[in-house]
>>> print(open('target_29.pdb').read())   # PDB, C-alpha atoms
MODEL        1
ATOM      1  CA  MET A  13       0.000   0.000   0.000
ATOM      2  CA  TYR A  14       1.227   3.484  -0.863
ATOM      3  CA  ILE A  15       0.793   6.387   1.545
ATOM      4  CA  THR A  16       1.017   9.970   0.244
ATOM      5  CA  ILE A  17       1.796  12.992   2.409
ATOM      6  CA  HIS A  18       2.128  16.562   1.194
ATOM      7  CA  ASP A  19       2.441  20.183   2.162
ATOM      8  CA  LEU A  20       2.362  23.303  -0.008
ATOM      9  CA  LYS A  21       5.880  22.715  -1.349
ATOM     10  CA  THR A  22       6.556  18.979  -1.453
ATOM     11  CA  THR A  23       4.881  15.597  -1.914
ATOM     12  CA  ALA A  24       6.247  12.304  -0.567
ATOM     13  CA  VAL A  25       5.051   8.752  -1.189
ATOM     14  CA  ILE A  26       5.921   5.850   1.122
ATOM     15  CA  ASP A  27       5.424   2.143   0.407
ATOM     16  CA  THR A  28       4.257   0.204   3.478
ATOM     17  CA  ILE A  29       6.505  -2.649   2.315
ATOM     18  CA  GLY A  30       9.686  -1.683   4.110
ATOM     19  CA  ALA A  31       8.227   1.729   5.073
ATOM     20  CA  GLN A  32      10.243   2.789   2.037
ATOM     21  CA  LEU A  33      10.293   6.311   0.627
ATOM     22  CA  ILE A  34       9.569   5.871  -3.080
ATOM     23  CA  SER A  35       8.930   9.435  -4.218
ATOM     24  CA  LEU A  36       9.819  12.987  -3.229
ATOM     25  CA  LYS A  37       8.698  15.737  -5.592
ATOM     26  CA  ASP A  38       8.810  19.515  -5.432
ATOM     27  CA  GLN A  39       6.089  21.898  -6.680
ATOM     28  CA  ALA A  40       7.434  21.705 -10.222
ATOM     29  CA  GLY A  41       7.040  17.922 -10.212
ATOM     30  CA  THR A  42      10.770  17.161 -10.202
ATOM     31  CA  GLU A  43      11.400  13.676  -8.800
ATOM     32  CA  TYR A  44      14.402  13.355  -6.489
ATOM     33  CA  ILE A  45      14.110   9.700  -5.403
ATOM     34  CA  TRP A  46      15.365   6.815  -7.543
ATOM     35  CA  GLN A  47      12.386   5.016  -9.087
ATOM     36  CA  ARG A  48      13.326   1.384  -8.432
ATOM     37  CA  ASN A  49      14.269   0.336 -11.953
ATOM     38  CA  PRO A  50      15.320  -3.309 -11.425
ATOM     39  CA  ALA A  51      17.752  -3.081 -14.332
ATOM     40  CA  TYR A  52      20.023  -1.253 -11.889
ATOM     41  CA  TRP A  53      18.519  -1.555  -8.382
ATOM     42  CA  GLY A  54      14.970  -2.491  -7.419
ATOM     43  CA  LYS A  55      14.879  -0.488  -4.176
ATOM     44  CA  SER A  56      14.748   3.237  -3.472
ATOM     45  CA  SER A  57      15.250   3.812   0.266
ATOM     46  CA  PRO A  58      15.346   0.596   2.308
ATOM     47  CA  LEU A  59      15.516   0.528   6.102
ATOM     48  CA  LEU A  60      18.518  -1.548   7.238
ATOM     49  CA  PHE A  61      17.879  -3.465  10.482
ATOM     50  CA  PRO A  62      19.077  -5.339  12.527
ATOM     51  CA  ILE A  63      22.186  -5.574  10.385
ATOM     52  CA  VAL A  64      23.881  -3.167   7.984
ATOM     53  CA  GLY A  65      25.732  -4.822   5.133
ATOM     54  CA  ASN A  66      26.702  -8.460   5.429
ATOM     55  CA  CYS A  67      27.924 -10.738   8.182
ATOM     56  CA  ARG A  68      30.719 -13.201   7.441
ATOM     57  CA  ASN A  69      29.076 -16.014   5.465
ATOM     58  CA  ASP A  70      25.720 -14.426   6.422
ATOM     59  CA  GLU A  71      26.134 -15.803   9.945
ATOM     60  CA  THR A  72      26.678 -14.184  13.318
ATOM     61  CA  ILE A  73      26.809 -15.274  16.962
ATOM     62  CA  ILE A  74      24.310 -13.758  19.395
ATOM     63  CA  GLU A  75      24.117 -14.892  23.017
ATOM     64  CA  GLY A  76      26.170 -17.978  22.269
ATOM     65  CA  SER A  77      24.117 -19.235  19.312
ATOM     66  CA  LYS A  78      24.675 -18.969  15.585
ATOM     67  CA  TRP A  79      22.099 -17.033  13.549
ATOM     68  CA  ASN A  80      21.660 -16.743   9.790
ATOM     69  CA  LEU A  81      21.295 -13.004   9.238
ATOM     70  CA  THR A  82      21.446 -11.957   5.598
ATOM     71  CA  LYS A  83      22.651  -8.677   4.096
ATOM     72  CA  HIS A  84      20.878  -5.539   5.397
ATOM     73  CA  GLY A  85      18.415  -7.557   7.500
ATOM     74  CA  PHE A  86      14.754  -8.429   7.072
ATOM     75  CA  CYS A  87      12.880  -5.121   7.413
ATOM     76  CA  ARG A  88      13.120  -4.260   3.727
ATOM     77  CA  GLU A  89      10.516  -6.887   2.834
ATOM     78  CA  MET A  90       8.159  -6.554   5.811
ATOM     79  CA  ASP A  91       4.765  -4.872   5.554
ATOM     80  CA  PHE A  92       4.652  -2.067   8.096
ATOM     81  CA  ALA A  93       1.424  -1.059   9.832
ATOM     82  CA  VAL A  94       0.366   2.572   9.458
ATOM     83  CA  THR A  95      -0.223   3.646  13.055
ATOM     84  CA  GLU A  96      -0.726   7.382  12.467
ATOM     85  CA  GLN A  97      -1.533   9.482   9.413
ATOM     86  CA  THR A  98      -2.309  13.117   8.602
ATOM     87  CA  ASP A  99      -2.014  15.151   5.399
ATOM     88  CA  THR A 100       1.607  15.970   6.222
ATOM     89  CA  SER A 101       2.776  12.977   8.275
ATOM     90  CA  ALA A 102       2.621   9.207   8.716
ATOM     91  CA  VAL A 103       4.073   6.647  11.121
ATOM     92  CA  PHE A 104       4.935   3.070  10.132
ATOM     93  CA  GLU A 105       5.663   0.267  12.601
ATOM     94  CA  ILE A 106       6.621  -3.395  12.796
ATOM     95  CA  ARG A 107       7.219  -5.770  15.687
ATOM     96  CA  ASP A 108       9.101  -9.035  15.925
ATOM     97  CA  THR A 109       7.348 -12.092  14.510
ATOM     98  CA  GLU A 110       7.842 -15.843  14.516
ATOM     99  CA  ASP A 111       9.832 -15.424  11.299
ATOM    100  CA  THR A 112      12.121 -12.687  12.635
ATOM    101  CA  LYS A 113      12.787 -14.800  15.745
ATOM    102  CA  LYS A 114      14.187 -17.520  13.466
ATOM    103  CA  VAL A 115      17.082 -15.246  12.448
ATOM    104  CA  TYR A 116      17.302 -12.672  15.270
ATOM    105  CA  PRO A 117      16.498 -13.593  18.871
ATOM    106  CA  TYR A 118      15.178 -10.296  20.217
ATOM    107  CA  SER A 119      11.697  -8.895  20.744
ATOM    108  CA  PHE A 120      11.425  -5.329  19.504
ATOM    109  CA  HIS A 121       9.292  -2.783  17.845
ATOM    110  CA  LEU A 122      10.592  -0.470  15.186
ATOM    111  CA  SER A 123       8.913   2.608  13.772
ATOM    112  CA  LEU A 124       9.732   5.033  11.001
ATOM    113  CA  SER A 125       7.905   8.355  10.967
ATOM    114  CA  TYR A 126       7.728  10.840   8.105
ATOM    115  CA  GLU A 127       6.690  14.473   8.360
ATOM    116  CA  LEU A 128       6.780  17.342   5.876
ATOM    117  CA  LYS A 129       7.362  20.824   7.272
ATOM    118  CA  ASP A 130       7.746  23.754   4.885
ATOM    119  CA  GLY A 131       8.931  21.432   2.134
ATOM    120  CA  VAL A 132      11.489  19.590   4.275
ATOM    121  CA  LEU A 133      11.086  15.855   4.937
ATOM    122  CA  TYR A 134      11.842  14.763   8.496
ATOM    123  CA  MET A 135      12.272  11.037   9.151
ATOM    124  CA  GLU A 136      12.679   9.482  12.588
ATOM    125  CA  TYR A 137      13.694   5.883  13.197
ATOM    126  CA  LYS A 138      12.739   4.579  16.657
ATOM    127  CA  VAL A 139      13.888   1.256  18.097
ATOM    128  CA  THR A 140      12.371  -0.145  21.300
ATOM    129  CA  ASN A 141      13.726  -3.105  23.264
ATOM    130  CA  ASP A 142      10.825  -5.327  24.375
ATOM    131  CA  ASN A 143      13.079  -7.848  26.133
ATOM    132  CA  ASP A 144      14.041  -8.265  29.775
ATOM    133  CA  ARG A 145      17.725  -8.051  28.775
ATOM    134  CA  ILE A 146      20.024  -5.878  26.691
ATOM    135  CA  MET A 147      19.310  -5.910  22.946
ATOM    136  CA  HIS A 148      22.018  -5.335  20.324
ATOM    137  CA  TYR A 149      21.380  -4.212  16.747
ATOM    138  CA  CYS A 150      22.650  -2.175  13.845
ATOM    139  CA  ILE A 151      20.564   0.300  11.874
ATOM    140  CA  GLY A 152      21.014   2.246   8.676
ATOM    141  CA  ALA A 153      19.292   4.375   6.052
ATOM    142  CA  HIS A 154      19.758   3.917   2.298
ATOM    143  CA  PRO A 155      17.957   6.605   0.252
ATOM    144  CA  GLY A 156      18.788   6.718  -3.437
ATOM    145  CA  PHE A 157      18.657  10.031  -5.296
ATOM    146  CA  ASN A 158      18.349  10.585  -9.019
ATOM    147  CA  CYS A 159      21.680  11.698 -10.456
ATOM    148  CA  PRO A 160      21.384  13.563 -12.724
ATOM    149  CA  MET A 161      18.260  15.238 -11.394
ATOM    150  CA  ASN A 162      17.233  16.767 -14.728
ATOM    151  CA  ASP A 163      17.659  16.099 -18.433
ATOM    152  CA  ASP A 164      20.144  18.914 -18.943
ATOM    153  CA  SER A 165      22.935  17.464 -16.797
ATOM    154  CA  ALA A 166      25.107  14.371 -16.484
ATOM    155  CA  PHE A 167      26.138  12.081 -13.623
ATOM    156  CA  GLU A 168      29.599  13.618 -13.279
ATOM    157  CA  ASP A 169      28.188  17.158 -13.149
ATOM    158  CA  TYR A 170      27.386  16.440  -9.480
ATOM    159  CA  GLN A 171      29.425  16.514  -6.306
ATOM    160  CA  LEU A 172      29.078  15.702  -2.622
ATOM    161  CA  VAL A 173      29.464  18.688  -0.301
ATOM    162  CA  PHE A 174      30.044  17.948   3.376
ATOM    163  CA  GLU A 175      28.830  20.153   6.206
ATOM    164  CA  LYS A 176      32.381  20.664   7.516
ATOM    165  CA  GLU A 177      35.878  20.557   6.112
ATOM    166  CA  GLU A 178      37.057  16.961   6.284
ATOM    167  CA  THR A 179      40.329  15.075   6.141
ATOM    168  CA  ILE A 180      39.035  11.593   5.532
ATOM    169  CA  SER A 181      39.769   8.278   3.849
ATOM    170  CA  ASN A 182      37.460   5.418   3.028
ATOM    171  CA  MET A 183      38.032   1.806   3.973
ATOM    172  CA  VAL A 184      38.170  -0.433   0.895
ATOM    173  CA  TYR A 185      35.521  -3.136   0.528
ATOM    174  CA  ASP A 186      36.986  -6.378  -0.833
ATOM    175  CA  CYS A 187      34.373  -7.567  -3.325
ATOM    176  CA  GLN A 188      35.844 -11.077  -3.429
ATOM    177  CA  LYS A 189      36.183 -11.649   0.316
ATOM    178  CA  LEU A 190      33.079  -9.549   1.104
ATOM    179  CA  HIS A 191      34.554  -7.504   3.915
ATOM    180  CA  PHE A 192      35.949  -4.068   4.683
ATOM    181  CA  ASP A 193      39.700  -4.137   5.145
ATOM    182  CA  PRO A 194      40.909  -1.557   7.719
ATOM    183  CA  SER A 195      44.472  -1.913   6.405
ATOM    184  CA  GLN A 196      43.400  -0.686   2.962
ATOM    185  CA  ARG A 197      42.267   2.923   2.887
ATOM    186  CA  ILE A 198      42.040   5.570   0.159
ATOM    187  CA  LYS A 199      42.453   9.242   1.034
ATOM    188  CA  ARG A 200      39.551  11.210  -0.362
ATOM    189  CA  LEU A 201      39.632  14.657   1.233
ATOM    190  CA  GLU A 202      42.313  16.877   2.747
ATOM    191  CA  ASN A 203      40.809  19.860   4.578
ATOM    192  CA  SER A 204      38.031  20.048   2.020
ATOM    193  CA  ARG A 205      34.258  19.824   1.893
ATOM    194  CA  ILE A 206      33.870  18.767  -1.747
ATOM    195  CA  LEU A 207      34.064  15.247  -3.172
ATOM    196  CA  PRO A 208      33.466  15.082  -6.964
ATOM    197  CA  ILE A 209      31.202  12.292  -8.235
ATOM    198  CA  THR A 210      32.774   9.905 -10.766
ATOM    199  CA  ARG A 211      32.010   6.352 -11.809
ATOM    200  CA  GLU A 212      35.475   5.220 -10.706
ATOM    201  CA  LEU A 213      34.760   6.451  -7.175
ATOM    202  CA  PHE A 214      32.518   3.400  -6.742
ATOM    203  CA  LYS A 215      34.719   0.713  -8.284
ATOM    204  CA  ASP A 216      35.136  -0.989  -4.877
ATOM    205  CA  ASP A 217      31.416  -0.848  -4.063
ATOM    206  CA  ALA A 218      30.271   1.509  -1.288
ATOM    207  CA  VAL A 219      32.515   4.433  -0.330
ATOM    208  CA  TYR A 220      32.350   4.224   3.467
ATOM    209  CA  PHE A 221      33.537   6.977   5.797
ATOM    210  CA  ASP A 222      33.802   5.706   9.364
ATOM    211  CA  ASP A 223      35.375   8.821  10.899
ATOM    212  CA  LEU A 224      33.935  12.168   9.878
ATOM    213  CA  LYS A 225      32.883  15.379  11.605
ATOM    214  CA  SER A 226      29.973  16.297   9.368
ATOM    215  CA  ARG A 227      26.395  15.275  10.135
ATOM    216  CA  SER A 228      25.021  16.467   6.828
ATOM    217  CA  VAL A 229      26.019  16.173   3.206
ATOM    218  CA  SER A 230      24.574  17.579  -0.019
ATOM    219  CA  LEU A 231      24.389  15.987  -3.460
ATOM    220  CA  VAL A 232      24.366  18.989  -5.792
ATOM    221  CA  HIS A 233      25.097  20.122  -9.326
ATOM    222  CA  LYS A 234      28.562  21.711  -9.442
ATOM    223  CA  GLU A 235      27.385  24.899 -11.121
ATOM    224  CA  THR A 236      23.785  25.445 -10.036
ATOM    225  CA  GLN A 237      24.179  23.981  -6.513
ATOM    226  CA  LYS A 238      20.715  22.496  -6.936
ATOM    227  CA  GLY A 239      20.075  19.068  -5.463
ATOM    228  CA  VAL A 240      19.366  17.632  -2.036
ATOM    229  CA  GLU A 241      20.836  17.911   1.444
ATOM    230  CA  VAL A 242      20.742  14.943   3.820
ATOM    231  CA  GLU A 243      21.155  15.465   7.553
ATOM    232  CA  PHE A 244      21.728  12.374   9.694
ATOM    233  CA  PRO A 245      21.681  13.166  13.439
ATOM    234  CA  GLY A 246      22.251  10.051  15.515
ATOM    235  CA  PHE A 247      24.130   8.162  12.809
ATOM    236  CA  GLU A 248      27.872   7.776  13.320
ATOM    237  CA  THR A 249      29.069   7.007   9.787
ATOM    238  CA  VAL A 250      28.003   7.488   6.183
ATOM    239  CA  ALA A 251      28.505   5.623   2.920
ATOM    240  CA  PHE A 252      27.796   6.417  -0.724
ATOM    241  CA  TRP A 253      26.956   3.899  -3.427
ATOM    242  CA  THR A 254      25.893   3.364  -6.985
ATOM    243  CA  PRO A 255      26.408   0.163  -9.015
ATOM    244  CA  TYR A 256      29.721  -0.096 -10.840
ATOM    245  CA  PRO A 257      30.494  -0.290 -13.746
ATOM    246  CA  ASP A 258      26.851   0.274 -14.733
ATOM    247  CA  ASP A 259      25.829   3.767 -15.810
ATOM    248  CA  ALA A 260      23.158   3.848 -13.120
ATOM    249  CA  PRO A 261      21.535   7.311 -12.867
ATOM    250  CA  PHE A 262      21.418   7.538  -9.075
ATOM    251  CA  VAL A 263      23.567   7.882  -5.956
ATOM    252  CA  CYS A 264      22.682   6.565  -2.505
ATOM    253  CA  VAL A 265      23.510   8.525   0.651
ATOM    254  CA  GLU A 266      23.638   5.964   3.470
ATOM    255  CA  PRO A 267      23.942   6.998   7.127
ATOM    256  CA  TRP A 268      24.876   3.910   9.140
ATOM    257  CA  ASN A 269      25.343   2.627  12.654
ATOM    258  CA  GLY A 270      27.101  -0.588  11.708
ATOM    259  CA  SER A 271      28.451  -1.842   8.385
ATOM    260  CA  ALA A 272      29.506  -4.932   6.504
ATOM    261  CA  VAL A 273      31.919  -7.126   8.455
ATOM    262  CA  TYR A 274      35.492  -5.908   8.944
ATOM    263  CA  ALA A 275      38.353  -8.280   8.115
ATOM    264  CA  THR A 276      39.550  -7.759  11.697
ATOM    265  CA  GLU A 277      36.234  -8.640  13.386
ATOM    266  CA  ASP A 278      35.265 -11.974  14.842
ATOM    267  CA  ASP A 279      31.719 -13.300  14.370
ATOM    268  CA  GLU A 280      30.285 -12.073  17.677
ATOM    269  CA  PHE A 281      27.489  -9.640  16.922
ATOM    270  CA  ILE A 282      28.283  -7.511  19.985
ATOM    271  CA  HIS A 283      31.784  -6.906  18.580
ATOM    272  CA  LYS A 284      30.524  -5.337  15.358
ATOM    273  CA  ASN A 285      31.662  -1.797  14.708
ATOM    274  CA  HIS A 286      29.145   0.858  15.777
ATOM    275  CA  VAL A 287      26.760  -1.782  17.140
ATOM    276  CA  GLN A 288      23.910  -0.257  19.139
ATOM    277  CA  SER A 289      22.680  -1.453  22.544
ATOM    278  CA  LEU A 290      19.462  -0.842  24.453
ATOM    279  CA  GLU A 291      18.608  -1.760  28.014
ATOM    280  CA  ALA A 292      15.350  -3.620  28.662
ATOM    281  CA  GLY A 293      12.353  -1.414  27.920
ATOM    282  CA  GLU A 294      14.419   1.446  26.494
ATOM    283  CA  SER A 295      13.974   3.217  23.162
ATOM    284  CA  LYS A 296      16.340   5.172  20.939
ATOM    285  CA  THR A 297      15.703   7.450  17.964
ATOM    286  CA  TYR A 298      17.765   8.328  14.900
ATOM    287  CA  GLY A 299      17.041  11.204  12.548
ATOM    288  CA  LEU A 300      17.192  11.717   8.808
ATOM    289  CA  VAL A 301      16.274  15.008   7.144
ATOM    290  CA  ILE A 302      15.995  15.485   3.368
ATOM    291  CA  ARG A 303      15.955  19.058   2.129
ATOM    292  CA  ILE A 304      15.501  19.985  -1.539
ATOM    293  CA  LEU A 305      17.970  22.707  -2.511
TER     294      LEU A 305
ENDMDL
END
>>> encode(input="target_29.pdb", output="structure tokens")
Amino acid sequence: MYITIHDLKTTAVIDTIGAQLISLKDQAGTEYIWQRNPAYWGKSSPLLFPIVGNCRNDETIIEGSKWNLTKHGFCREMDFAVTEQTDTSAVFEIRDTEDTKKVYPYSFHLSLSYELKDGVLYMEYKVTNDNDRIMHYCIGAHPGFNCPMNDDSAFEDYQLVFEKEETISNMVYDCQKLHFDPSQRIKRLENSRILPITRELFKDDAVYFDDLKSRSVSLVHKETQKGVEVEFPGFETVAFWTPYPDDAPFVCVEPWNGSAVYATEDDEFIHKNHVQSLEAGESKTYGLVIRIL
């Protein structure tokens, strides 16, 4: 089921399957969200939980037992209940099921709320621990944005602009061994805010920055500065991705708490980088804000 929310400036459409944002348009009708063309990628903005990326051999150890937890988790395919809805907002929620308990031992409920205010889309992810013990999880966002965003520009006319000047490198993902290798890093910025977009940037899959100061980044045309800004309060890292070597006309901006397995990690889930923990009965929220520029 599709849910539409709108204000005077912007319209958003969310699919209850995965609580996935599938459209964001301005008053002129310009579409900013990737439209799920399966020739390149059949998603548009999946919610990653309780794992981000892949575990080693799709297996992890939680509380002494081995669990088969596949890439990006199970939420992407679940049908979320709509628990609240107005013209400008909607809240989507799932809880653990018999099927989720087969791959992840915890009881939880997870909500994703959307609200439009003056043309800006505010998203809030909320995780609640329904167990009588500590719960561990990872969580991530994965919105894909059209790039180029109009017919008069090309993919490489765009750049990523960080909130703050950064001196950062990305950890290389080994596409054969399916892990990030902390010993292999590529310097991307030196006291700069601007990272040009090229196809070659993505030759090793996602470009993952695990140590940055910025909590927002913009994907914009180099000359016009038109595009989108993504703020990610509560998320500790960010990655960028588009399929390589395909000429896919989109770029994903992916705030993460967690990632694919590191070469240096063991298989204990609680040892994953940026793993999140909640005491019994506690909740935690994570923000994502998309602003059309």
>>> resolve_selection(input="target_29.pdb", expression="the PyMOL selection byres ((chain A and resi 305) around 7)", output="PyMOL selection string")
chain A and resi 238-241+303-304
>>> closest_residue(input="target_29.pdb", among="A:Pro245, A:Gly299, A:Gly270, A:Pro155", to="A:Leu36", atoms="all atoms listed in the file")
A:Pro155
>>> residues_near_point(input="target_29.pdb", point="(8.6, 2.9, 3.8)", cutoff="12 Å", atoms="only C-alpha atoms", output="ChimeraX atom specification")
/A:13-16,24-35,55-60,87-94,102-106,123-126,135-137,153-155
>>> write_last_selection(input="target_29.pdb", atoms="C-alpha atoms", output="PDB file, in the frame of the given file")
ATOM      1  CA  MET A  13       0.000   0.000   0.000  1.00  0.00           C
ATOM      2  CA  TYR A  14       1.227   3.484  -0.863  1.00  0.00           C
ATOM      3  CA  ILE A  15       0.793   6.387   1.545  1.00  0.00           C
ATOM      4  CA  THR A  16       1.017   9.970   0.244  1.00  0.00           C
ATOM      5  CA  ALA A  24       6.247  12.304  -0.567  1.00  0.00           C
ATOM      6  CA  VAL A  25       5.051   8.752  -1.189  1.00  0.00           C
ATOM      7  CA  ILE A  26       5.921   5.850   1.122  1.00  0.00           C
ATOM      8  CA  ASP A  27       5.424   2.143   0.407  1.00  0.00           C
ATOM      9  CA  THR A  28       4.257   0.204   3.478  1.00  0.00           C
ATOM     10  CA  ILE A  29       6.505  -2.649   2.315  1.00  0.00           C
ATOM     11  CA  GLY A  30       9.686  -1.683   4.110  1.00  0.00           C
ATOM     12  CA  ALA A  31       8.227   1.729   5.073  1.00  0.00           C
ATOM     13  CA  GLN A  32      10.243   2.789   2.037  1.00  0.00           C
ATOM     14  CA  LEU A  33      10.293   6.311   0.627  1.00  0.00           C
ATOM     15  CA  ILE A  34       9.569   5.871  -3.080  1.00  0.00           C
ATOM     16  CA  SER A  35       8.930   9.435  -4.218  1.00  0.00           C
ATOM     17  CA  LYS A  55      14.879  -0.488  -4.176  1.00  0.00           C
ATOM     18  CA  SER A  56      14.748   3.237  -3.472  1.00  0.00           C
ATOM     19  CA  SER A  57      15.250   3.812   0.266  1.00  0.00           C
ATOM     20  CA  PRO A  58      15.346   0.596   2.308  1.00  0.00           C
ATOM     21  CA  LEU A  59      15.516   0.528   6.102  1.00  0.00           C
ATOM     22  CA  LEU A  60      18.518  -1.548   7.238  1.00  0.00           C
ATOM     23  CA  CYS A  87      12.880  -5.121   7.413  1.00  0.00           C
ATOM     24  CA  ARG A  88      13.120  -4.260   3.727  1.00  0.00           C
ATOM     25  CA  GLU A  89      10.516  -6.887   2.834  1.00  0.00           C
ATOM     26  CA  MET A  90       8.159  -6.554   5.811  1.00  0.00           C
ATOM     27  CA  ASP A  91       4.765  -4.872   5.554  1.00  0.00           C
ATOM     28  CA  PHE A  92       4.652  -2.067   8.096  1.00  0.00           C
ATOM     29  CA  ALA A  93       1.424  -1.059   9.832  1.00  0.00           C
ATOM     30  CA  VAL A  94       0.366   2.572   9.458  1.00  0.00           C
ATOM     31  CA  ALA A 102       2.621   9.207   8.716  1.00  0.00           C
ATOM     32  CA  VAL A 103       4.073   6.647  11.121  1.00  0.00           C
ATOM     33  CA  PHE A 104       4.935   3.070  10.132  1.00  0.00           C
ATOM     34  CA  GLU A 105       5.663   0.267  12.601  1.00  0.00           C
ATOM     35  CA  ILE A 106       6.621  -3.395  12.796  1.00  0.00           C
ATOM     36  CA  SER A 123       8.913   2.608  13.772  1.00  0.00           C
ATOM     37  CA  LEU A 124       9.732   5.033  11.001  1.00  0.00           C
ATOM     38  CA  SER A 125       7.905   8.355  10.967  1.00  0.00           C
ATOM     39  CA  TYR A 126       7.728  10.840   8.105  1.00  0.00           C
ATOM     40  CA  MET A 135      12.272  11.037   9.151  1.00  0.00           C
ATOM     41  CA  GLU A 136      12.679   9.482  12.588  1.00  0.00           C
ATOM     42  CA  TYR A 137      13.694   5.883  13.197  1.00  0.00           C
ATOM     43  CA  ALA A 153      19.292   4.375   6.052  1.00  0.00           C
ATOM     44  CA  HIS A 154      19.758   3.917   2.298  1.00  0.00           C
ATOM     45  CA  PRO A 155      17.957   6.605   0.252  1.00  0.00           C
TER      46      PRO A 155
END
>>> resolve_selection(input="target_29.pdb", expression="the PyMOL selection byres ((chain A and resi 220) around 9)", output="VMD selection string")
chain A and resid 181 to 185 218 to 219 221 to 222 249 to 253 266 271
>>> residues_near_point(input="target_29.pdb", point="(7.9, -5.3, 23.6)", cutoff="10 Å", atoms="all atoms listed in the file", output="MDAnalysis selection string")
chainID A and resid 107:108 118:121 140:144 292:294
>>> write_last_selection(input="target_29.pdb", atoms="C-alpha atoms", output="mmCIF file, in the coordinates of the input")
data_model
loop_
_atom_site.group_PDB
_atom_site.id
_atom_site.type_symbol
_atom_site.label_atom_id
_atom_site.label_comp_id
_atom_site.auth_asym_id
_atom_site.auth_seq_id
_atom_site.Cartn_x
_atom_site.Cartn_y
_atom_site.Cartn_z
ATOM 1 C CA ARG A 107 7.219 -5.770 15.687
ATOM 2 C CA ASP A 108 9.101 -9.035 15.925
ATOM 3 C CA TYR A 118 15.178 -10.296 20.217
ATOM 4 C CA SER A 119 11.697 -8.895 20.744
ATOM 5 C CA PHE A 120 11.425 -5.329 19.504
ATOM 6 C CA HIS A 121 9.292 -2.783 17.845
ATOM 7 C CA THR A 140 12.371 -0.145 21.300
ATOM 8 C CA ASN A 141 13.726 -3.105 23.264
ATOM 9 C CA ASP A 142 10.825 -5.327 24.375
ATOM 10 C CA ASN A 143 13.079 -7.848 26.133
ATOM 11 C CA ASP A 144 14.041 -8.265 29.775
ATOM 12 C CA ALA A 292 15.350 -3.620 28.662
ATOM 13 C CA GLY A 293 12.353 -1.414 27.920
ATOM 14 C CA GLU A 294 14.419 1.446 26.494
#
>>> build_atoms(input="target_29.pdb", residues="stretch 66-80 of chain A", atoms="N, CA and C atoms", output="PDB file, keeping the file's coordinate frame")
ATOM      1  N   ASN A  66      26.718  -7.008   5.268  1.00  0.00           N
ATOM      2  CA  ASN A  66      26.702  -8.460   5.429  1.00  0.00           C
ATOM      3  C   ASN A  66      27.517  -8.897   6.639  1.00  0.00           C
ATOM      4  N   CYS A  67      27.099 -10.017   7.211  1.00  0.00           N
ATOM      5  CA  CYS A  67      27.924 -10.738   8.182  1.00  0.00           C
ATOM      6  C   CYS A  67      28.826 -11.704   7.411  1.00  0.00           C
ATOM      7  N   ARG A  68      29.836 -12.225   8.078  1.00  0.00           N
ATOM      8  CA  ARG A  68      30.719 -13.201   7.441  1.00  0.00           C
ATOM      9  C   ARG A  68      29.922 -14.472   7.163  1.00  0.00           C
ATOM     10  N   ASN A  69      29.849 -14.838   5.890  1.00  0.00           N
ATOM     11  CA  ASN A  69      29.076 -16.014   5.465  1.00  0.00           C
ATOM     12  C   ASN A  69      27.609 -15.923   5.882  1.00  0.00           C
ATOM     13  N   ASP A  70      27.113 -14.687   6.029  1.00  0.00           N
ATOM     14  CA  ASP A  70      25.720 -14.426   6.422  1.00  0.00           C
ATOM     15  C   ASP A  70      25.368 -15.051   7.765  1.00  0.00           C
ATOM     16  N   GLU A  71      26.373 -15.221   8.621  1.00  0.00           N
ATOM     17  CA  GLU A  71      26.134 -15.803   9.945  1.00  0.00           C
ATOM     18  C   GLU A  71      26.765 -14.930  11.028  1.00  0.00           C
ATOM     19  N   THR A  72      26.136 -14.914  12.182  1.00  0.00           N
ATOM     20  CA  THR A  72      26.678 -14.184  13.318  1.00  0.00           C
ATOM     21  C   THR A  72      26.322 -14.931  14.602  1.00  0.00           C
ATOM     22  N   ILE A  73      27.040 -14.614  15.672  1.00  0.00           N
ATOM     23  CA  ILE A  73      26.809 -15.274  16.962  1.00  0.00           C
ATOM     24  C   ILE A  73      26.198 -14.264  17.923  1.00  0.00           C
ATOM     25  N   ILE A  74      25.011 -14.596  18.424  1.00  0.00           N
ATOM     26  CA  ILE A  74      24.310 -13.758  19.395  1.00  0.00           C
ATOM     27  C   ILE A  74      23.956 -14.622  20.598  1.00  0.00           C
ATOM     28  N   GLU A  75      24.407 -14.183  21.762  1.00  0.00           N
ATOM     29  CA  GLU A  75      24.117 -14.892  23.017  1.00  0.00           C
ATOM     30  C   GLU A  75      24.487 -16.364  22.938  1.00  0.00           C
ATOM     31  N   GLY A  76      25.621 -16.630  22.301  1.00  0.00           N
ATOM     32  CA  GLY A  76      26.170 -17.978  22.269  1.00  0.00           C
ATOM     33  C   GLY A  76      25.650 -18.883  21.179  1.00  0.00           C
ATOM     34  N   SER A  77      24.684 -18.417  20.393  1.00  0.00           N
ATOM     35  CA  SER A  77      24.117 -19.235  19.312  1.00  0.00           C
ATOM     36  C   SER A  77      24.379 -18.596  17.959  1.00  0.00           C
ATOM     37  N   LYS A  78      24.433 -19.441  16.940  1.00  0.00           N
ATOM     38  CA  LYS A  78      24.675 -18.969  15.585  1.00  0.00           C
ATOM     39  C   LYS A  78      23.340 -18.639  14.911  1.00  0.00           C
ATOM     40  N   TRP A  79      23.312 -17.488  14.210  1.00  0.00           N
ATOM     41  CA  TRP A  79      22.099 -17.033  13.549  1.00  0.00           C
ATOM     42  C   TRP A  79      22.427 -16.689  12.100  1.00  0.00           C
ATOM     43  N   ASN A  80      21.502 -17.038  11.210  1.00  0.00           N
ATOM     44  CA  ASN A  80      21.660 -16.743   9.790  1.00  0.00           C
ATOM     45  C   ASN A  80      20.990 -15.402   9.495  1.00  0.00           C
TER      46      ASN A  80
END
